[in-house]
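Coordinates from start02.tsv are shown below (TSV, N, CA and C atoms).
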chain	number	residue	atom	x	y	z
A	882	MET	N	-42.64	-1.66	3.11
A	882	MET	CA	-42.42	-2.65	4.15
A	882	MET	C	-43.66	-2.76	5.03
A	883	GLU	N	-43.95	-3.95	5.44
A	883	GLU	CA	-45.10	-4.19	6.30
A	883	GLU	C	-44.88	-3.61	7.68
A	884	SER	N	-45.95	-3.11	8.27
A	884	SER	CA	-45.92	-2.70	9.67
A	884	SER	C	-46.12	-3.96	10.50
A	885	LYS	N	-45.26	-4.17	11.45
A	885	LYS	CA	-45.35	-5.39	12.26
A	885	LYS	C	-45.75	-5.04	13.68
A	886	THR	N	-46.94	-4.46	13.82
A	886	THR	CA	-47.38	-4.04	15.14
A	886	THR	C	-48.50	-4.90	15.71
A	887	ALA	N	-49.12	-5.74	14.88
A	887	ALA	CA	-50.18	-6.63	15.36
A	887	ALA	C	-49.56	-7.95	15.79
A	888	ARG	N	-50.07	-8.47	16.88
A	888	ARG	CA	-49.53	-9.72	17.43
A	888	ARG	C	-50.54	-10.84	17.25
A	889	LEU	N	-50.05	-12.01	16.88
A	889	LEU	CA	-50.88	-13.21	16.73
A	889	LEU	C	-50.28	-14.26	17.67
A	890	THR	N	-51.06	-14.69	18.62
A	890	THR	CA	-50.58	-15.71	19.57
A	890	THR	C	-51.27	-17.02	19.25
A	891	ILE	N	-50.49	-18.08	19.08
A	891	ILE	CA	-51.05	-19.39	18.77
A	891	ILE	C	-50.49	-20.42	19.74
A	892	LEU	N	-51.24	-21.47	19.93
A	892	LEU	CA	-50.78	-22.61	20.72
A	892	LEU	C	-50.53	-23.76	19.76
A	893	ILE	N	-49.33	-24.34	19.84
A	893	ILE	CA	-49.01	-25.49	19.01
A	893	ILE	C	-48.33	-26.55	19.87
A	894	ASP	N	-48.28	-27.73	19.34
A	894	ASP	CA	-47.63	-28.85	20.00
A	894	ASP	C	-46.14	-28.52	20.18
A	895	PRO	N	-45.59	-28.74	21.37
A	895	PRO	CA	-44.18	-28.42	21.62
A	895	PRO	C	-43.20	-29.13	20.67
A	896	CYS	N	-43.53	-30.34	20.25
A	896	CYS	CA	-42.65	-31.06	19.32
A	896	CYS	C	-42.62	-30.38	17.96
A	897	LYS	N	-43.77	-29.90	17.50
A	897	LYS	CA	-43.82	-29.19	16.23
A	897	LYS	C	-43.09	-27.86	16.33
A	898	LYS	N	-43.22	-27.18	17.46
A	898	LYS	CA	-42.52	-25.91	17.66
A	898	LYS	C	-41.00	-26.12	17.60
A	899	LYS	N	-40.53	-27.14	18.26
A	899	LYS	CA	-39.10	-27.43	18.26
A	899	LYS	C	-38.61	-27.77	16.85
A	900	ALA	N	-39.38	-28.59	16.14
A	900	ALA	CA	-39.01	-28.96	14.77
A	900	ALA	C	-38.99	-27.73	13.87
A	901	LEU	N	-39.98	-26.85	14.01
A	901	LEU	CA	-40.02	-25.62	13.22
A	901	LEU	C	-38.82	-24.74	13.52
A	902	GLU	N	-38.51	-24.56	14.79
A	902	GLU	CA	-37.37	-23.71	15.17
A	902	GLU	C	-36.06	-24.28	14.64
A	903	GLU	N	-35.90	-25.59	14.68
A	903	GLU	CA	-34.67	-26.21	14.18
A	903	GLU	C	-34.55	-26.04	12.66
A	904	LEU	N	-35.66	-26.25	11.96
A	904	LEU	CA	-35.64	-26.08	10.51
A	904	LEU	C	-35.38	-24.63	10.14
A	905	CYS	N	-36.04	-23.72	10.82
A	905	CYS	CA	-35.82	-22.29	10.55
A	905	CYS	C	-34.36	-21.90	10.78
A	906	ALA	N	-33.79	-22.37	11.87
A	906	ALA	CA	-32.39	-22.06	12.16
A	906	ALA	C	-31.48	-22.60	11.06
A	907	ALA	N	-31.78	-23.80	10.57
A	907	ALA	CA	-30.97	-24.39	9.50
A	907	ALA	C	-31.08	-23.59	8.21
A	908	GLN	N	-32.21	-22.90	8.02
A	908	GLN	CA	-32.43	-22.10	6.81
A	908	GLN	C	-32.14	-20.61	7.04
A	909	ASP	N	-31.60	-20.29	8.21
A	909	ASP	CA	-31.29	-18.90	8.57
A	909	ASP	C	-32.52	-18.00	8.47
A	910	LEU	N	-33.64	-18.52	8.96
A	910	LEU	CA	-34.89	-17.78	9.02
A	910	LEU	C	-35.41	-17.81	10.45
A	911	THR	N	-36.29	-16.87	10.77
A	911	THR	CA	-36.98	-16.95	12.06
A	911	THR	C	-38.33	-17.60	11.84
A	912	SER	N	-38.90	-18.14	12.90
A	912	SER	CA	-40.23	-18.73	12.77
A	912	SER	C	-41.25	-17.65	12.41
A	913	SER	N	-41.05	-16.43	12.87
A	913	SER	CA	-41.96	-15.34	12.51
A	913	SER	C	-41.93	-15.07	11.00
A	914	GLN	N	-40.75	-15.09	10.41
A	914	GLN	CA	-40.65	-14.90	8.96
A	914	GLN	C	-41.42	-15.98	8.21
A	915	VAL	N	-41.27	-17.21	8.65
A	915	VAL	CA	-41.94	-18.33	7.99
A	915	VAL	C	-43.46	-18.22	8.15
A	916	VAL	N	-43.92	-17.88	9.34
A	916	VAL	CA	-45.36	-17.76	9.57
A	916	VAL	C	-45.93	-16.60	8.76
A	917	ARG	N	-45.22	-15.48	8.68
A	917	ARG	CA	-45.71	-14.37	7.86
A	917	ARG	C	-45.82	-14.78	6.39
A	918	GLN	N	-44.84	-15.54	5.90
A	918	GLN	CA	-44.91	-16.01	4.51
A	918	GLN	C	-46.07	-16.97	4.31
A	919	LEU	N	-46.29	-17.86	5.27
A	919	LEU	CA	-47.42	-18.79	5.18
A	919	LEU	C	-48.74	-18.03	5.12
A	920	ILE	N	-48.87	-16.96	5.91
A	920	ILE	CA	-50.09	-16.16	5.90
A	920	ILE	C	-50.27	-15.47	4.56
A	921	ARG	N	-49.19	-14.88	4.03
A	921	ARG	CA	-49.28	-14.24	2.70
A	921	ARG	C	-49.70	-15.25	1.64
A	922	ASP	N	-49.09	-16.44	1.66
A	922	ASP	CA	-49.41	-17.48	0.68
A	922	ASP	C	-50.87	-17.91	0.80
A	923	TYR	N	-51.34	-18.07	2.03
A	923	TYR	CA	-52.72	-18.50	2.28
A	923	TYR	C	-53.71	-17.46	1.76
A	924	LEU	N	-53.45	-16.18	2.05
A	924	LEU	CA	-54.31	-15.11	1.56
A	924	LEU	C	-54.33	-15.07	0.04
A	925	GLU	N	-53.15	-15.20	-0.57
A	925	GLU	CA	-53.06	-15.18	-2.03
A	925	GLU	C	-53.82	-16.36	-2.65
A	926	ARG	N	-53.64	-17.53	-2.07
A	926	ARG	CA	-54.30	-18.74	-2.59
A	926	ARG	C	-55.82	-18.60	-2.57
A	927	HIS	N	-56.34	-17.83	-1.61
A	927	HIS	CA	-57.78	-17.66	-1.49
A	927	HIS	C	-58.26	-16.33	-2.08
A	928	GLY	N	-57.38	-15.64	-2.79
A	928	GLY	CA	-57.77	-14.43	-3.48
A	928	GLY	C	-58.12	-13.26	-2.59
A	929	VAL	N	-57.53	-13.23	-1.41
A	929	VAL	CA	-57.82	-12.15	-0.47
A	929	VAL	C	-56.77	-11.06	-0.61
A	930	SER	N	-57.24	-9.83	-0.81
A	930	SER	CA	-56.34	-8.68	-0.92
A	930	SER	C	-56.17	-8.03	0.44
A	931	TYR	N	-55.05	-7.35	0.60
A	931	TYR	CA	-54.80	-6.61	1.83
A	931	TYR	C	-53.94	-5.41	1.49
A	932	GLU	N	-53.91	-4.44	2.38
A	932	GLU	CA	-53.34	-3.13	2.10
A	932	GLU	C	-51.89	-3.15	1.63
A	933	THR	N	-51.03	-3.93	2.23
A	933	THR	CA	-49.61	-3.90	1.89
A	933	THR	C	-49.24	-4.87	0.77
A	934	GLN	N	-50.21	-5.54	0.21
A	934	GLN	CA	-49.95	-6.57	-0.81
A	934	GLN	C	-49.17	-6.03	-2.00
A	935	SER	N	-49.57	-4.91	-2.56
A	935	SER	CA	-48.89	-4.39	-3.76
A	935	SER	C	-47.45	-4.00	-3.46
A	936	LYS	N	-47.18	-3.55	-2.25
A	936	LYS	CA	-45.82	-3.17	-1.88
A	936	LYS	C	-44.92	-4.39	-1.78
A	937	LEU	N	-45.50	-5.54	-1.44
A	937	LEU	CA	-44.72	-6.76	-1.25
A	937	LEU	C	-44.50	-7.53	-2.54
A	938	ASN	N	-45.37	-7.36	-3.52
A	938	ASN	CA	-45.28	-8.14	-4.74
A	938	ASN	C	-43.97	-7.93	-5.50
A	939	GLY	N	-43.34	-6.80	-5.31
A	939	GLY	CA	-42.06	-6.56	-5.96
A	939	GLY	C	-40.99	-7.50	-5.47
A	940	ASN	N	-41.17	-8.07	-4.29
A	940	ASN	CA	-40.21	-9.01	-3.70
A	940	ASN	C	-40.86	-10.37	-3.52
A	941	ALA	N	-41.70	-10.77	-4.43
A	941	ALA	CA	-42.51	-11.98	-4.26
A	941	ALA	C	-41.69	-13.24	-4.02
A	942	ASN	N	-40.49	-13.31	-4.55
A	942	ASN	CA	-39.70	-14.53	-4.39
A	942	ASN	C	-38.68	-14.44	-3.27
A	943	SER	N	-38.72	-13.39	-2.50
A	943	SER	CA	-37.74	-13.22	-1.43
A	943	SER	C	-38.20	-13.92	-0.17
A	944	GLU	N	-37.51	-14.98	0.22
A	944	GLU	CA	-37.87	-15.67	1.45
A	944	GLU	C	-37.36	-14.94	2.67
A	945	ARG	N	-36.50	-13.99	2.50
A	945	ARG	CA	-35.96	-13.23	3.62
A	945	ARG	C	-36.86	-12.06	4.00
A	946	ARG	N	-37.87	-11.81	3.17
A	946	ARG	CA	-38.81	-10.73	3.47
A	946	ARG	C	-39.51	-11.06	4.77
A	947	THR	N	-39.65	-10.09	5.64
A	947	THR	CA	-40.24	-10.35	6.95
A	947	THR	C	-41.57	-9.69	7.13

Output the structure of this file as structure tokens.
Amino acid sequence: MESKTARLTILIDPCKKKALEELCAAQDLTSSQVVRQLIRDYLERHGVSYETQSKLNGNANSERRT
């Protein structure tokens, strides 16, 4: 399991934030889960390795992974 001790603070348009939160709620996900998945996908797409990658690959299709 990933250690979730690092914080990433971003500024986004309030309308996009609201739309994201509504969509996440409809999918029973948190916005943090979605952002973490987006980061993993982005790193993978660009061929970037990271320490916890091999531990996560066993659950590659799990959208509930946080």

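For the pair CA of Lys885 in chain A and CA of Ser912 in chain A, the interatomic distance is 14.3 Å.
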
Backbone-only DSSP, helix (DSSP H, G or I) members of chain A, as a short mmCIF file (atom, residue, chain, number, x, y, z; two decimals) with N, CA and C atoms, in the coordinates of the input:
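New file part-v5.cif:
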data_model
loop_
_atom_site.label_atom_id
_atom_site.label_comp_id
_atom_site.auth_asym_id
_atom_site.auth_seq_id
_atom_site.Cartn_x
_atom_site.Cartn_y
_atom_site.Cartn_z
N PRO A 895 -45.59 -28.74 21.37
CA PRO A 895 -44.18 -28.42 21.62
C PRO A 895 -43.20 -29.13 20.67
N CYS A 896 -43.53 -30.34 20.25
CA CYS A 896 -42.65 -31.06 19.32
C CYS A 896 -42.62 -30.38 17.96
N LYS A 897 -43.77 -29.90 17.50
CA LYS A 897 -43.82 -29.19 16.23
C LYS A 897 -43.09 -27.86 16.33
N LYS A 898 -43.22 -27.18 17.46
CA LYS A 898 -42.52 -25.91 17.66
C LYS A 898 -41.00 -26.12 17.60
N LYS A 899 -40.53 -27.14 18.26
CA LYS A 899 -39.10 -27.43 18.26
C LYS A 899 -38.61 -27.77 16.85
N ALA A 900 -39.38 -28.59 16.14
CA ALA A 900 -39.01 -28.96 14.77
C ALA A 900 -38.99 -27.73 13.87
N LEU A 901 -39.98 -26.85 14.01
CA LEU A 901 -40.02 -25.62 13.22
C LEU A 901 -38.82 -24.74 13.52
N GLU A 902 -38.51 -24.56 14.79
CA GLU A 902 -37.37 -23.71 15.17
C GLU A 902 -36.06 -24.28 14.64
N GLU A 903 -35.90 -25.59 14.68
CA GLU A 903 -34.67 -26.21 14.18
C GLU A 903 -34.55 -26.04 12.66
N LEU A 904 -35.66 -26.25 11.96
CA LEU A 904 -35.64 -26.08 10.51
C LEU A 904 -35.38 -24.63 10.14
N CYS A 905 -36.04 -23.72 10.82
CA CYS A 905 -35.82 -22.29 10.55
C CYS A 905 -34.36 -21.90 10.78
N ALA A 906 -33.79 -22.37 11.87
CA ALA A 906 -32.39 -22.06 12.16
C ALA A 906 -31.48 -22.60 11.06
N ALA A 907 -31.78 -23.80 10.57
CA ALA A 907 -30.97 -24.39 9.50
C ALA A 907 -31.08 -23.59 8.21
N SER A 912 -38.90 -18.14 12.90
CA SER A 912 -40.23 -18.73 12.77
C SER A 912 -41.25 -17.65 12.41
N SER A 913 -41.05 -16.43 12.87
CA SER A 913 -41.96 -15.34 12.51
C SER A 913 -41.93 -15.07 11.00
N GLN A 914 -40.75 -15.09 10.41
CA GLN A 914 -40.65 -14.90 8.96
C GLN A 914 -41.42 -15.98 8.21
N VAL A 915 -41.27 -17.21 8.65
CA VAL A 915 -41.94 -18.33 7.99
C VAL A 915 -43.46 -18.22 8.15
N VAL A 916 -43.92 -17.88 9.34
CA VAL A 916 -45.36 -17.76 9.57
C VAL A 916 -45.93 -16.60 8.76
N ARG A 917 -45.22 -15.48 8.68
CA ARG A 917 -45.71 -14.37 7.86
C ARG A 917 -45.82 -14.78 6.39
N GLN A 918 -44.84 -15.54 5.90
CA GLN A 918 -44.91 -16.01 4.51
C GLN A 918 -46.07 -16.97 4.31
N LEU A 919 -46.29 -17.86 5.27
CA LEU A 919 -47.42 -18.79 5.18
C LEU A 919 -48.74 -18.03 5.12
N ILE A 920 -48.87 -16.96 5.91
CA ILE A 920 -50.09 -16.16 5.90
C ILE A 920 -50.27 -15.47 4.56
N ARG A 921 -49.19 -14.88 4.03
CA ARG A 921 -49.28 -14.24 2.70
C ARG A 921 -49.70 -15.25 1.64
N ASP A 922 -49.09 -16.44 1.66
CA ASP A 922 -49.41 -17.48 0.68
C ASP A 922 -50.87 -17.91 0.80
N TYR A 923 -51.34 -18.07 2.03
CA TYR A 923 -52.72 -18.50 2.28
C TYR A 923 -53.71 -17.46 1.76
N LEU A 924 -53.45 -16.18 2.05
CA LEU A 924 -54.31 -15.11 1.56
C LEU A 924 -54.33 -15.07 0.04
N GLU A 925 -53.15 -15.20 -0.57
CA GLU A 925 -53.06 -15.18 -2.03
C GLU A 925 -53.82 -16.36 -2.65
N ARG A 926 -53.64 -17.53 -2.07
CA ARG A 926 -54.30 -18.74 -2.59
C ARG A 926 -55.82 -18.60 -2.57
N GLN A 934 -50.21 -5.54 0.21
CA GLN A 934 -49.95 -6.57 -0.81
C GLN A 934 -49.17 -6.03 -2.00
N SER A 935 -49.57 -4.91 -2.56
CA SER A 935 -48.89 -4.39 -3.76
C SER A 935 -47.45 -4.00 -3.46
N LYS A 936 -47.18 -3.55 -2.25
CA LYS A 936 -45.82 -3.17 -1.88
C LYS A 936 -44.92 -4.39 -1.78
N LEU A 937 -45.50 -5.54 -1.44
CA LEU A 937 -44.72 -6.76 -1.25
C LEU A 937 -44.50 -7.53 -2.54
N ASN A 938 -45.37 -7.36 -3.52
CA ASN A 938 -45.28 -8.14 -4.74
C ASN A 938 -43.97 -7.93 -5.50
N GLY A 939 -43.34 -6.80 -5.31
CA GLY A 939 -42.06 -6.56 -5.96
C GLY A 939 -40.99 -7.50 -5.47
N ASN A 940 -41.17 -8.07 -4.29
CA ASN A 940 -40.21 -9.01 -3.70
C ASN A 940 -40.86 -10.37 -3.52
#

Residue contacts of Glu902 in chain A (8 Å, only N, CA and C atoms) excluding same-chain residues fewer than 6 positions away, as a PyMOL selection string | chain A and resi 896+908+910-912

Computed interatomic separation between atom C of Glu903 in chain A and CA of His927 in chain A (Å) =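 It comes out at 28.5 Å.
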